[in-house]
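Chemist: Below is one structure. I have some questions about it.
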Amino acid sequence: MSPRVNRTNRTVLVVLGALVLLAGAAGLAISLGAGNAGGTTLARPQDPVWPEQAGRYLSDNAWVWWVAALVCLLLAFVGLRWLLAQLRTDRLTRMDLTGSPADGLTTLHAGALNDAVADDARAIAGVTGAAAHLSGEPNRHLVVSVDTADTADLATVLRHLSTGVVDRARAAVSDPALPVRIQLRPAARAGRILT
Amino acid sequence: MNAATVTNRVLAALLALALLLGGLLGAVEIVLAQMGREPWLVSHESWASWLDEQQWQSPTVRVILAVMVIVGLLLLITGARRGRPTGIEAPSHSNGVSVEVPRRAVERTVKDAASRVDGVDQVAVAAGRRGITVNATTTTRFPDAVREQLTRAVADRLDALDLATTLTPTVNLTTARTPR
């Protein structure tokens with residue numbers, strides 16, 4: 001899942017929530033007779049929700065309705081973009097390794113790199129399972145998830161991953177500075193401590 | 001992904017769908033009304049006449065406004081909630097390499113360590129951003145000894161994980177009745 005979409009969702013929910021809350025609270029204040037703030041009367045509880053002047057204005061100015069229709073279409077477009085964004089993931093399927101365009105294009109399928117890195121990680125003593133994927137957010141980086149055995153020394157596993165596996169992955173993509181995120185998943189152990 | 005992120009994503013998808021359908025419906029109804037055609041789904045005339053009759057003090061209007069306040073508050077709280085972390089950072093000694101232990105893995109391994117203490121029956125573990133809570137039950141007649149072992153086992157397992165963030169453990173041990 002894309003972290004950027006998650007941030008956008010949170011922001012939109014907070015802004016939308018604040019707007020709906022403020023509108024509802026302001027309306028309730030008027031409804032309960034608290035719309036007389038600072039000597040200025042916004043509206044009284046017995047006033048119509050839809051003032052007569054507003055209706056007259058809309059009757060005299062038909063163009064407002066066309067603008068409203070455009071705004072509705074704009075909102076629908078925003079809704080469509082937001083909906084499609086929910087399907088977006090941060091995983092990359094290919095990586096451009098082209099050095100110079102004059103030499104042609106070089107593309108690495110992420111699946112090949114993922115499998116190679118996972119196999120390499122599984123070869124470490126104490127590692128029971130591994131998976132890898134290329135992520136595009138916030139910047140391009142490699143994520144390596146490793147399951148360790150109950151007897152594994154996490155520091156040793158981490159040292160082998162950080163040096164051997166990561167170095168070879170970086171060499172494979174000709175990027176010695178490729179950021180790498182390692183997820184260590186220690187396994188459950190068997191046996192009991194006697195009191 | 002934590003539960004808060006999933007909730008936000010489901011809510012966002014529903015709101016986006018409502019925005020898309022509502023926007024399209026609004027545009028179509030406005031265009032039909034401007035062209036003098038019959039409404040498609042929403043009769044704007046009956047809707048407008050109902051709105052004309054409503055005053056701010058009308059019970060229906062108050063209910064709608066109260067619902068808006070509640071919905072707005074819920075959206076605000078849901079969006080502002082960060083939820084529990086998906087992973088907890090561990091120290092890295094290599095450039096450009098960051099290490100984390102997924103929260104569920106931390107909970108699982110601490111739960112396992114706690115379960116291995118003799119006398120402990122059931123264990124539930126919940127890790128947060130700064131602390132980890134271990135709720136355990138025992139049927140032993142010597143709960144103090146079990147609590148001491150349990151606290152030590154949890155601390156040892158957290159030390160073994162060598163996390164960058166110090167998770168303060170809270171151990172709650174409940175003595176359950178022994179079935180006769």
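Numbering starts fresh at 1 for the residues of each chain in the structure tokens, the chains themselves are lettered A, B, ... in the order given, and ligands are numbered from 1 as they appear.
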Identify all chain B residues at most 6 Å from chain A by counting only C-alpha atoms; ligands do not count. Present them as a ChimeraX atom specification.
Modeler: /B:13,16,19-20,23-24,26-27,52,54-57,65,68-69,72-73,75-76,79,96-101,105,109,112,116-118
Chemist: From chain B, collect each residue whose DSSP state is helix (DSSP H, G or I) and return the set as an NGL selection string.
Modeler: :B and (3-34 or 44-53 or 59-80 or 103-115 or 143-161)
Chemist: For C-alpha atoms, I'd like the residues from the last selection saved as a CSV table (one decimal), in the first residue's frame.
Modeler:
chain,number,residue,atom,x,y,z
B,3,ALA,CA,-6.1,-1.1,11.7
B,4,ALA,CA,-6.3,2.7,11.6
B,5,THR,CA,-4.9,2.7,8.0
B,6,VAL,CA,-7.4,0.1,6.9
B,7,THR,CA,-10.3,2.0,8.4
B,8,ASN,CA,-9.1,5.2,6.8
B,9,ARG,CA,-8.8,3.5,3.4
B,10,VAL,CA,-12.3,2.0,3.6
B,11,LEU,CA,-13.8,5.3,4.6
B,12,ALA,CA,-11.8,7.1,1.9
B,13,ALA,CA,-13.0,4.7,-0.7
B,14,LEU,CA,-16.7,5.1,0.4
B,15,LEU,CA,-16.4,8.9,0.5
B,16,ALA,CA,-14.7,9.0,-2.9
B,17,LEU,CA,-17.4,6.9,-4.3
B,18,ALA,CA,-20.1,9.2,-2.8
B,19,LEU,CA,-18.3,12.2,-4.2
B,20,LEU,CA,-18.1,10.6,-7.7
B,21,LEU,CA,-21.7,9.5,-7.8
B,22,GLY,CA,-23.1,12.6,-6.0
B,23,GLY,CA,-21.1,15.0,-8.3
B,24,LEU,CA,-22.3,13.2,-11.5
B,25,LEU,CA,-25.9,13.1,-10.2
B,26,GLY,CA,-25.8,16.8,-9.3
B,27,ALA,CA,-24.4,17.8,-12.7
B,28,VAL,CA,-27.0,15.7,-14.6
B,29,GLU,CA,-30.0,17.0,-12.5
B,30,ILE,CA,-28.9,20.6,-12.9
B,31,VAL,CA,-28.5,20.3,-16.7
B,32,LEU,CA,-31.9,18.5,-17.0
B,33,ALA,CA,-33.6,21.2,-14.9
B,34,GLN,CA,-32.0,24.0,-16.9
B,44,HIS,CA,-35.7,19.0,-7.5
B,45,GLU,CA,-39.0,20.7,-7.3
B,46,SER,CA,-40.3,18.7,-4.3
B,47,TRP,CA,-36.9,19.0,-2.7
B,48,ALA,CA,-36.8,22.8,-3.2
B,49,SER,CA,-40.4,23.2,-1.8
B,50,TRP,CA,-39.5,21.1,1.2
B,51,LEU,CA,-36.4,23.2,1.8
B,52,ASP,CA,-38.5,26.5,1.5
B,53,GLU,CA,-40.7,25.3,4.3
B,59,PRO,CA,-36.9,19.4,14.4
B,60,THR,CA,-35.8,17.8,11.1
B,61,VAL,CA,-33.2,20.5,10.5
B,62,ARG,CA,-31.9,20.1,14.1
B,63,VAL,CA,-31.6,16.4,13.6
B,64,ILE,CA,-29.7,16.8,10.4
B,65,LEU,CA,-27.3,19.4,12.0
B,66,ALA,CA,-26.7,17.1,15.0
B,67,VAL,CA,-25.9,14.2,12.6
B,68,MET,CA,-23.5,16.5,10.8
B,69,VAL,CA,-21.7,17.3,14.1
B,70,ILE,CA,-21.4,13.6,15.0
B,71,VAL,CA,-20.3,12.5,11.5
B,72,GLY,CA,-17.8,15.4,11.3
B,73,LEU,CA,-16.4,14.6,14.8
B,74,LEU,CA,-16.1,10.9,13.8
B,75,LEU,CA,-14.3,11.7,10.6
B,76,LEU,CA,-12.0,14.1,12.4
B,77,ILE,CA,-11.1,11.6,15.1
B,78,THR,CA,-10.7,8.7,12.5
B,79,GLY,CA,-8.4,10.8,10.3
B,80,ALA,CA,-6.3,12.2,13.2
B,103,ARG,CA,5.1,-4.8,15.5
B,104,ARG,CA,3.3,-8.1,15.1
B,105,ALA,CA,6.6,-10.0,15.1
B,106,VAL,CA,7.6,-8.1,18.3
B,107,GLU,CA,4.3,-9.0,19.9
B,108,ARG,CA,4.5,-12.6,18.8
B,109,THR,CA,8.1,-13.2,20.1
B,110,VAL,CA,7.3,-11.5,23.4
B,111,LYS,CA,4.1,-13.5,23.7
B,112,ASP,CA,6.1,-16.6,23.1
B,113,ALA,CA,8.7,-15.7,25.7
B,114,ALA,CA,5.9,-15.0,28.2
B,115,SER,CA,4.1,-18.2,27.4
B,143,PRO,CA,1.8,-15.6,41.6
B,144,ASP,CA,4.6,-13.4,42.8
B,145,ALA,CA,7.2,-15.8,41.6
B,146,VAL,CA,5.5,-16.2,38.3
B,147,ARG,CA,5.3,-12.4,37.9
B,148,GLU,CA,9.0,-12.0,38.6
B,149,GLN,CA,9.9,-14.7,36.0
B,150,LEU,CA,7.4,-13.2,33.5
B,151,THR,CA,8.8,-9.7,33.9
B,152,ARG,CA,12.4,-11.0,33.5
B,153,ALA,CA,11.4,-13.1,30.4
B,154,VAL,CA,9.8,-10.1,28.7
B,155,ALA,CA,12.7,-7.9,29.4
B,156,ASP,CA,15.2,-10.5,28.2
B,157,ARG,CA,13.3,-10.9,25.0
B,158,LEU,CA,13.1,-7.2,24.4
B,159,ASP,CA,16.9,-6.9,25.1
B,160,ALA,CA,17.5,-9.7,22.5
B,161,LEU,CA,15.6,-7.8,19.9
Chemist: As an NGL selection string, list the residues of chain B assigned to strand (DSSP E or B) by DSSP on the backbone atoms of this structure.
Modeler: :B and (55 or 87-90 or 97-102 or 117 or 120-127 or 131-138 or 168-175)
Chemist: For the residues in the current selection, export C-alpha atoms as a JSON list (two decimals), in the first residue's frame.
Modeler:
[["chain", "number", "residue", "atom", "x", "y", "z"],
["B", 55, "GLN", "CA", -36.81, 26.94, 9.48],
["B", 87, "GLY", "CA", 7.15, -1.65, 12.71],
["B", 88, "ILE", "CA", 9.64, -0.72, 15.41],
["B", 89, "GLU", "CA", 13.06, 0.55, 14.39],
["B", 90, "ALA", "CA", 16.19, -1.41, 15.21],
["B", 97, "VAL", "CA", 20.24, 0.40, 5.43],
["B", 98, "SER", "CA", 17.40, 0.78, 7.91],
["B", 99, "VAL", "CA", 16.15, -2.08, 10.04],
["B", 100, "GLU", "CA", 12.78, -2.61, 11.62],
["B", 101, "VAL", "CA", 10.99, -5.41, 13.39],
["B", 102, "PRO", "CA", 7.27, -5.56, 12.46],
["B", 117, "VAL", "CA", 7.24, -19.15, 31.76],
["B", 120, "VAL", "CA", 1.51, -18.83, 32.88],
["B", 121, "ASP", "CA", -1.69, -20.00, 31.22],
["B", 122, "GLN", "CA", -2.79, -17.36, 28.76],
["B", 123, "VAL", "CA", -0.94, -14.35, 27.38],
["B", 124, "ALA", "CA", -2.00, -11.35, 25.31],
["B", 125, "VAL", "CA", 0.57, -8.81, 24.13],
["B", 126, "ALA", "CA", 0.01, -5.35, 22.62],
["B", 127, "ALA", "CA", 2.91, -3.15, 21.48],
["B", 131, "GLY", "CA", 5.55, 0.58, 25.46],
["B", 132, "ILE", "CA", 4.45, -3.00, 25.36],
["B", 133, "THR", "CA", 1.70, -4.43, 27.55],
["B", 134, "VAL", "CA", 1.65, -8.08, 28.55],
["B", 135, "ASN", "CA", -1.57, -9.40, 30.07],
["B", 136, "ALA", "CA", -1.21, -12.91, 31.47],
["B", 137, "THR", "CA", -3.24, -15.26, 33.62],
["B", 138, "THR", "CA", -1.99, -17.90, 36.02],
["B", 168, "THR", "CA", 8.68, 0.03, 28.35],
["B", 169, "PRO", "CA", 7.10, -3.27, 29.38],
["B", 170, "THR", "CA", 3.97, -3.36, 31.53],
["B", 171, "VAL", "CA", 3.21, -6.81, 32.90],
["B", 172, "ASN", "CA", -0.25, -7.55, 34.28],
["B", 173, "LEU", "CA", -0.71, -10.96, 35.87],
["B", 174, "THR", "CA", -4.18, -12.10, 36.85],
["B", 175, "THR", "CA", -4.71, -15.10, 39.08]]
Chemist: Which distance in Å separates CA of Ala132 (chain A) and CA of Thr98 (chain A), to one decimal?
Modeler: 22.4 Å
Chemist: Quick one: pull the distance between CA of Ala171 (chain A) and CA of Ala112 (chain A), Å, one decimal.
Modeler: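 We find that CA of Ala171 (chain A) and CA of Ala112 (chain A) lie 14.1 Å from each other.
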Chemist: If you measure from CA of Asp103 (chain A) to CA of His133 (chain A), what distance in Å do you get, rounded to one decimal?
Modeler: 27.5 Å
Chemist: Out of B:Arg130, B:Leu163, B:Met35, B:Thr139, which residue has the shortest atom-to-atom distance to Ser92 (chain B) when counting only C-alpha atoms?
Modeler: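 Of the candidates, the smallest distance to Ser92 (chain B) is held by B:Leu163.
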Chemist: Given the choices A:Ala54, A:Ala123, A:Val173, A:Leu42, which gets closest to Thr106 (chain A) if the distance is worked out from only C-alpha atoms?
Modeler: A:Val173
